[in-house]
Amino acid sequence: MPNFTERSLLTERSLLTEIYRRYISHAKGKSYSLAFDILLTPFSWITGLFVAVLNFLRAHGLLRADETPIPVISIGNLTYGGTNKTPFTIMLAEYALSLGIKVGIVTRGYMGKATDVTIITDGDGERDITGDEALMISRKLPNVPVAVSKRRIDGIKALRDMGVELVIADDAFQHRAMMRDCDIVLVDALCPFGNGRLTPSGIMREKISALKRADIVVITKASMCMGIDSVINSVRKYVDDDRVFLSDIVADGWKFSTPHEGAKVFAFSATGSPETFTSSLTKAGCIVSGSCEFRDHHRYTHDDIRALNEKSEGAEFMVCTEKDLENMHGISPEEFSLPLAVPKIAVKVREFERFTQKLAQIMRPEIVIASNGYGEDAIASVLAVKMMKAYPSAKVWAFPLVGKGEAFRKAGVEILSAKSVTPSAGIFKYSLRELVSDLRAGLLGQVREQLKDWQKVSRKILPPVCVGDVYLLAHTLWGTGRHPAFVATAKTVYISGHWRTERAMIRNFTLRTWTRDEPTASQIGDIACYSGSPIMDLLGDTNVSRGNVILLLPGSRKSAGKNAGILLGAAEIMRQYGYEAFRMVLAPTLDYEAFFRDCGTFGWHNDDGKLTKGKVSVMLTGEDIARAADGVCLLLGMGGTANQLCAGLGIPVIAPDDKGKRVQKKLLGNSEILTHGTSRAMAECALRVLEDRELYDFMAGTGRSRMGEKGACDDVVMYTSEVLGWKVREKVYAGLRGV
């Protein structure tokens, strides 16, 4: 709650003190004040608008959220006031320690003055610097480092450097500037939502609907609440039953003195929920003969202790919380006129085994590889397989934006997104005509469904990895709110490069970007790097030898049958000049029935894995280009990525002169020759290259130079492991499962 003047409530009630008491009662829903309602409600509307705008920007990635280098579990709530976050944090840390997980705590250090990261262990710290709660946690967990940091991400990095594997972030549900692996939200059963209004008219930080963001909701102090079923039903409106748990406060002994059964005690406290403290004393068998409340985090003075001594007449013990002890700097128990007793409390979660199983399930790493195009799918499937090998216990998904994701299915990667099959076989292709055709075919509806698919998993997944263009980046960003790792395969400086707006978007909305070549990385800026060509990673570990086979690539679109007729005609002509070995690669996305029907119109017959016409025979293969290119000396190609791969292997490329291939020519340079899209023109050009050794070697060398070496996918995996901390996440997940 907002802190007014730091002043003891033991003194004679002033007007300000009485106003504060009535305000707290109104905000918690214990009473109603028309004056507060009229005065504060407009400010609550402003709070609501501010929170809504901020959450909208976070939900769609328009505000950057820091990714953490190790897994983080956030403990938070929706209200101001005590929900037992501190004892719950201690309980969870002790559980992680029992599993052999190296755990640390990060907190902002409320009421502390720390500006830089301050690490405390064994309670060795100053209350003025760290705040009271950090010291209490540290004393309760002597082997656990507690980082106090105004910027929690800095504290987490410091803990990572100390060898911590799992961080528990105290009071971080609203701190959406930092990502987390699990959000646990605590709801106080005795005062779950106050009067239901946002601050300052109520005690709510966000609307109750924010519980939808929670992975787990724990209703605390359940045994103290007579109407617990009503609280549970309120939570279940927003959270599935299997994610709702109950917890209780349990006694764990006393410090200094131990009151006997029926002992009269005078209770004083400075906590967010003083009524909970007095209720727990009654439950422990004490008779509360008097009490005094201070504002949360109040620092006690010697005058306060003298005043408490005067008011405690008739009691046998004076009782306060462990948190209060941290705010009694310079005050010893001997200053109290009665024996001081401090209950040690702990949190006990009901159905604890179910709770830990759900926690482990949530902490399982889930990785999504997104792509938008047939060639991009092929690269992304290679990357997905590498991820599965690097993180065997993680769930790896594919999210192809266009097509059916055949490359992923072939690689054994499960597909997450709804299918998006358009007439152009893509999105926003080279002509307005194709765009109109795609829109008529339901493109917008497909995009809408895919954004819904993103939203279903956005809370669970690690930062997505995008393979493709800036449209894919925008789609992923809007759908998940996560800034992705970006493999930029669509553009290069050799093909005009990225537009200024695209470069700005990449710099501001990606974690890191891998480009196809060094000049493109330099054009984008520091966020980008070149670690080898992602296109060449399609080759895998395959060794390609040079032979005398002419490779024919009709492409993967509906026009493949027509293209095949041109290429097969070229093969007929080249057969007349002594070239007999031909191989045609059929894309897995083709409609084979339609394709062979088109070939038949040119007089070719499908004859058990080959096309024949007279004495000419063309072998057919559905293998990926890395295998299909073995033994090839020249490519007649109408493909995209496949043409580029062959050029990178040092195989000269002959392609028809059209708008798309002119764009590709800028990339491939002199490794590719464009000619008229007729059988004779392509055959004559191919013969010229094959018979001119100097030209052949020049084209082969240019292709290798332009396309570069492989290695980008391996670097992406290394980045996710070492920088994003995916390997340690897998280790923590194994620990939580007891493996």
# chains A, B, ... in the order shown; residues from 1 in each chain; ligands from 1
call {"tool": "residues_around", "arguments": {"residues": "Val421 of chain A", "least_positions_apart": "4", "cutoff": "9 Å", "atoms": "only C-alpha atoms", "output": "PyMOL selection string"}}
result
chain A and resi 401-404+425-426+438+441+443+446
call {"tool": "residues_around", "arguments": {"residues": "Lys311 of chain A", "least_positions_apart": "3", "cutoff": "12 Å", "atoms": "only C-alpha atoms", "output": "mmCIF file with C-alpha atoms, in the first residue's frame"}}
result
data_model
loop_
_atom_site.group_PDB
_atom_site.id
_atom_site.type_symbol
_atom_site.label_atom_id
_atom_site.label_comp_id
_atom_site.auth_asym_id
_atom_site.auth_seq_id
_atom_site.Cartn_x
_atom_site.Cartn_y
_atom_site.Cartn_z
ATOM 1 C CA LEU A 10 0.958 4.165 19.241
ATOM 2 C CA THR A 11 0.974 7.891 19.585
ATOM 3 C CA VAL A 265 0.153 -12.245 24.797
ATOM 4 C CA PHE A 266 0.387 -8.690 23.557
ATOM 5 C CA ALA A 267 0.847 -8.752 19.766
ATOM 6 C CA PHE A 268 2.479 -6.000 17.728
ATOM 7 C CA SER A 289 -5.008 -9.690 25.323
ATOM 8 C CA GLY A 290 -4.021 -6.651 23.258
ATOM 9 C CA SER A 291 -2.457 -5.662 19.979
ATOM 10 C CA CYS A 292 -0.903 -2.791 18.108
ATOM 11 C CA ASP A 304 8.162 2.677 20.311
ATOM 12 C CA ILE A 305 9.399 -0.078 22.627
ATOM 13 C CA ARG A 306 8.754 2.032 25.742
ATOM 14 C CA ALA A 307 5.228 2.792 24.512
ATOM 15 C CA LEU A 308 4.619 -0.895 23.786
ATOM 16 C CA GLY A 314 -1.723 -7.655 31.931
ATOM 17 C CA ALA A 315 0.001 -9.822 29.314
ATOM 18 C CA MET A 318 5.071 -9.715 23.998
ATOM 19 C CA PHE A 336 10.981 -5.310 26.574
ATOM 20 C CA SER A 337 9.256 -5.406 29.944
ATOM 21 C CA LEU A 338 7.909 -8.899 29.212
#
call {"tool": "closest_residue", "arguments": {"among": "A:Ala214, A:Ile527, A:Ala564, A:Cys320", "to": "Pro333 of chain A", "atoms": "only C-alpha atoms"}}
result
A:Cys320
call {"tool": "atom_distance", "arguments": {"atom1": "atom CA of Trp397 of chain A", "atom2": "atom CA of Ala370 of chain A"}}
result
8.5 Å
call {"tool": "residues_around", "arguments": {"residues": "Lys283 of chain A", "least_positions_apart": "6", "cutoff": "12 Å", "atoms": "only C-alpha atoms", "output": "PyMOL selection string"}}
result
chain A and resi 221+223-224+248-251+261-262+276-277+343
call {"tool": "closest_residue", "arguments": {"among": "A:Arg350, A:Lys452, A:Lys613, A:Lys710", "to": "Leu538 of chain A", "atoms": "only C-alpha atoms"}}
result
A:Lys710
call {"tool": "decode", "arguments": {"residues": "segment 224-237 of chain A", "atoms": "all heavy atoms", "output": "PDB file, in the first residue's frame"}}
result
ATOM      1  N   MET A 224      -7.620 -20.633   7.678  1.00  0.00           N
ATOM      2  CA  MET A 224      -8.151 -19.526   8.469  1.00  0.00           C
ATOM      3  C   MET A 224      -9.424 -18.936   7.881  1.00  0.00           C
ATOM      4  O   MET A 224     -10.054 -18.082   8.490  1.00  0.00           O
ATOM      5  CB  MET A 224      -7.097 -18.413   8.569  1.00  0.00           C
ATOM      6  CG  MET A 224      -5.827 -18.808   9.284  1.00  0.00           C
ATOM      7  SD  MET A 224      -4.685 -17.395   9.373  1.00  0.00           S
ATOM      8  CE  MET A 224      -3.303 -18.126  10.237  1.00  0.00           C
ATOM      9  N   CYS A 225      -9.781 -19.367   6.675  1.00  0.00           N
ATOM     10  CA  CYS A 225     -10.893 -18.738   5.959  1.00  0.00           C
ATOM     11  C   CYS A 225     -12.122 -19.632   6.022  1.00  0.00           C
ATOM     12  O   CYS A 225     -12.092 -20.792   5.585  1.00  0.00           O
ATOM     13  CB  CYS A 225     -10.490 -18.485   4.504  1.00  0.00           C
ATOM     14  SG  CYS A 225     -11.785 -17.753   3.507  1.00  0.00           S
ATOM     15  N   MET A 226     -13.219 -19.082   6.507  1.00  0.00           N
ATOM     16  CA  MET A 226     -14.476 -19.832   6.585  1.00  0.00           C
ATOM     17  C   MET A 226     -15.123 -19.963   5.209  1.00  0.00           C
ATOM     18  O   MET A 226     -15.819 -20.932   4.935  1.00  0.00           O
ATOM     19  CB  MET A 226     -15.429 -19.140   7.560  1.00  0.00           C
ATOM     20  CG  MET A 226     -14.894 -19.049   8.986  1.00  0.00           C
ATOM     21  SD  MET A 226     -14.627 -20.683   9.725  1.00  0.00           S
ATOM     22  CE  MET A 226     -16.318 -21.243   9.850  1.00  0.00           C
ATOM     23  N   GLY A 227     -14.890 -18.991   4.342  1.00  0.00           N
ATOM     24  CA  GLY A 227     -15.521 -19.010   3.019  1.00  0.00           C
ATOM     25  C   GLY A 227     -14.550 -19.356   1.917  1.00  0.00           C
ATOM     26  O   GLY A 227     -14.550 -18.734   0.850  1.00  0.00           O
ATOM     27  N   ILE A 228     -13.727 -20.377   2.163  1.00  0.00           N
ATOM     28  CA  ILE A 228     -12.670 -20.709   1.207  1.00  0.00           C
ATOM     29  C   ILE A 228     -13.236 -21.152  -0.138  1.00  0.00           C
ATOM     30  O   ILE A 228     -12.644 -20.885  -1.193  1.00  0.00           O
ATOM     31  CB  ILE A 228     -11.743 -21.808   1.799  1.00  0.00           C
ATOM     32  CG1 ILE A 228     -10.512 -22.007   0.909  1.00  0.00           C
ATOM     33  CG2 ILE A 228     -12.495 -23.097   2.003  1.00  0.00           C
ATOM     34  CD1 ILE A 228      -9.615 -20.820   0.824  1.00  0.00           C
ATOM     35  N   ASP A 229     -14.386 -21.802  -0.146  1.00  0.00           N
ATOM     36  CA  ASP A 229     -14.966 -22.256  -1.417  1.00  0.00           C
ATOM     37  C   ASP A 229     -15.280 -21.085  -2.337  1.00  0.00           C
ATOM     38  O   ASP A 229     -15.117 -21.177  -3.564  1.00  0.00           O
ATOM     39  CB  ASP A 229     -16.237 -23.072  -1.162  1.00  0.00           C
ATOM     40  CG  ASP A 229     -15.938 -24.432  -0.551  1.00  0.00           C
ATOM     41  OD1 ASP A 229     -14.779 -24.876  -0.663  1.00  0.00           O
ATOM     42  OD2 ASP A 229     -16.853 -25.036   0.036  1.00  0.00           O
ATOM     43  N   SER A 230     -15.731 -19.989  -1.755  1.00  0.00           N
ATOM     44  CA  SER A 230     -16.038 -18.800  -2.555  1.00  0.00           C
ATOM     45  C   SER A 230     -14.772 -18.236  -3.195  1.00  0.00           C
ATOM     46  O   SER A 230     -14.784 -17.817  -4.361  1.00  0.00           O
ATOM     47  CB  SER A 230     -16.700 -17.733  -1.673  1.00  0.00           C
ATOM     48  OG  SER A 230     -16.910 -16.545  -2.401  1.00  0.00           O
ATOM     49  N   VAL A 231     -13.679 -18.233  -2.442  1.00  0.00           N
ATOM     50  CA  VAL A 231     -12.408 -17.736  -2.974  1.00  0.00           C
ATOM     51  C   VAL A 231     -11.932 -18.638  -4.107  1.00  0.00           C
ATOM     52  O   VAL A 231     -11.494 -18.166  -5.167  1.00  0.00           O
ATOM     53  CB  VAL A 231     -11.340 -17.656  -1.865  1.00  0.00           C
ATOM     54  CG1 VAL A 231     -10.025 -17.138  -2.433  1.00  0.00           C
ATOM     55  CG2 VAL A 231     -11.817 -16.751  -0.733  1.00  0.00           C
ATOM     56  N   ILE A 232     -12.030 -19.947  -3.897  1.00  0.00           N
ATOM     57  CA  ILE A 232     -11.605 -20.903  -4.930  1.00  0.00           C
ATOM     58  C   ILE A 232     -12.403 -20.692  -6.215  1.00  0.00           C
ATOM     59  O   ILE A 232     -11.854 -20.670  -7.318  1.00  0.00           O
ATOM     60  CB  ILE A 232     -11.764 -22.350  -4.421  1.00  0.00           C
ATOM     61  CG1 ILE A 232     -10.790 -22.617  -3.274  1.00  0.00           C
ATOM     62  CG2 ILE A 232     -11.536 -23.348  -5.552  1.00  0.00           C
ATOM     63  CD1 ILE A 232     -10.989 -23.963  -2.595  1.00  0.00           C
ATOM     64  N   ASN A 233     -13.710 -20.525  -6.077  1.00  0.00           N
ATOM     65  CA  ASN A 233     -14.560 -20.329  -7.257  1.00  0.00           C
ATOM     66  C   ASN A 233     -14.213 -19.035  -7.992  1.00  0.00           C
ATOM     67  O   ASN A 233     -14.265 -18.981  -9.231  1.00  0.00           O
ATOM     68  CB  ASN A 233     -16.032 -20.322  -6.846  1.00  0.00           C
ATOM     69  CG  ASN A 233     -16.513 -21.697  -6.405  1.00  0.00           C
ATOM     70  OD1 ASN A 233     -15.956 -22.709  -6.815  1.00  0.00           O
ATOM     71  ND2 ASN A 233     -17.521 -21.730  -5.551  1.00  0.00           N
ATOM     72  N   SER A 234     -13.849 -17.994  -7.248  1.00  0.00           N
ATOM     73  CA  SER A 234     -13.456 -16.726  -7.881  1.00  0.00           C
ATOM     74  C   SER A 234     -12.192 -16.909  -8.713  1.00  0.00           C
ATOM     75  O   SER A 234     -12.076 -16.368  -9.816  1.00  0.00           O
ATOM     76  CB  SER A 234     -13.215 -15.652  -6.810  1.00  0.00           C
ATOM     77  OG  SER A 234     -14.398 -15.370  -6.099  1.00  0.00           O
ATOM     78  N   VAL A 235     -11.247 -17.688  -8.200  1.00  0.00           N
ATOM     79  CA  VAL A 235      -9.983 -17.923  -8.906  1.00  0.00           C
ATOM     80  C   VAL A 235     -10.206 -18.807 -10.127  1.00  0.00           C
ATOM     81  O   VAL A 235      -9.636 -18.583 -11.204  1.00  0.00           O
ATOM     82  CB  VAL A 235      -8.952 -18.557  -7.946  1.00  0.00           C
ATOM     83  CG1 VAL A 235      -7.724 -19.041  -8.716  1.00  0.00           C
ATOM     84  CG2 VAL A 235      -8.554 -17.559  -6.870  1.00  0.00           C
ATOM     85  N   ARG A 236     -11.073 -19.811  -9.985  1.00  0.00           N
ATOM     86  CA  ARG A 236     -11.289 -20.769 -11.071  1.00  0.00           C
ATOM     87  C   ARG A 236     -11.975 -20.158 -12.289  1.00  0.00           C
ATOM     88  O   ARG A 236     -12.033 -20.795 -13.341  1.00  0.00           O
ATOM     89  CB  ARG A 236     -12.107 -21.953 -10.553  1.00  0.00           C
ATOM     90  CG  ARG A 236     -11.276 -22.923  -9.712  1.00  0.00           C
ATOM     91  CD  ARG A 236     -12.124 -24.046  -9.163  1.00  0.00           C
ATOM     92  NE  ARG A 236     -11.307 -25.040  -8.470  1.00  0.00           N
ATOM     93  CZ  ARG A 236     -11.794 -26.012  -7.717  1.00  0.00           C
ATOM     94  NH1 ARG A 236     -13.115 -26.123  -7.562  1.00  0.00           N
ATOM     95  NH2 ARG A 236     -10.992 -26.864  -7.129  1.00  0.00           N
ATOM     96  N   LYS A 237     -12.485 -18.967 -12.163  1.00  0.00           N
ATOM     97  CA  LYS A 237     -13.043 -18.282 -13.335  1.00  0.00           C
ATOM     98  C   LYS A 237     -11.945 -17.953 -14.343  1.00  0.00           C
ATOM     99  O   LYS A 237     -12.214 -17.768 -15.529  1.00  0.00           O
ATOM    100  CB  LYS A 237     -13.749 -16.997 -12.903  1.00  0.00           C
ATOM    101  CG  LYS A 237     -15.020 -17.219 -12.091  1.00  0.00           C
ATOM    102  CD  LYS A 237     -15.621 -15.888 -11.681  1.00  0.00           C
ATOM    103  CE  LYS A 237     -16.869 -16.083 -10.831  1.00  0.00           C
ATOM    104  NZ  LYS A 237     -17.439 -14.773 -10.395  1.00  0.00           N
TER     105      LYS A 237
END
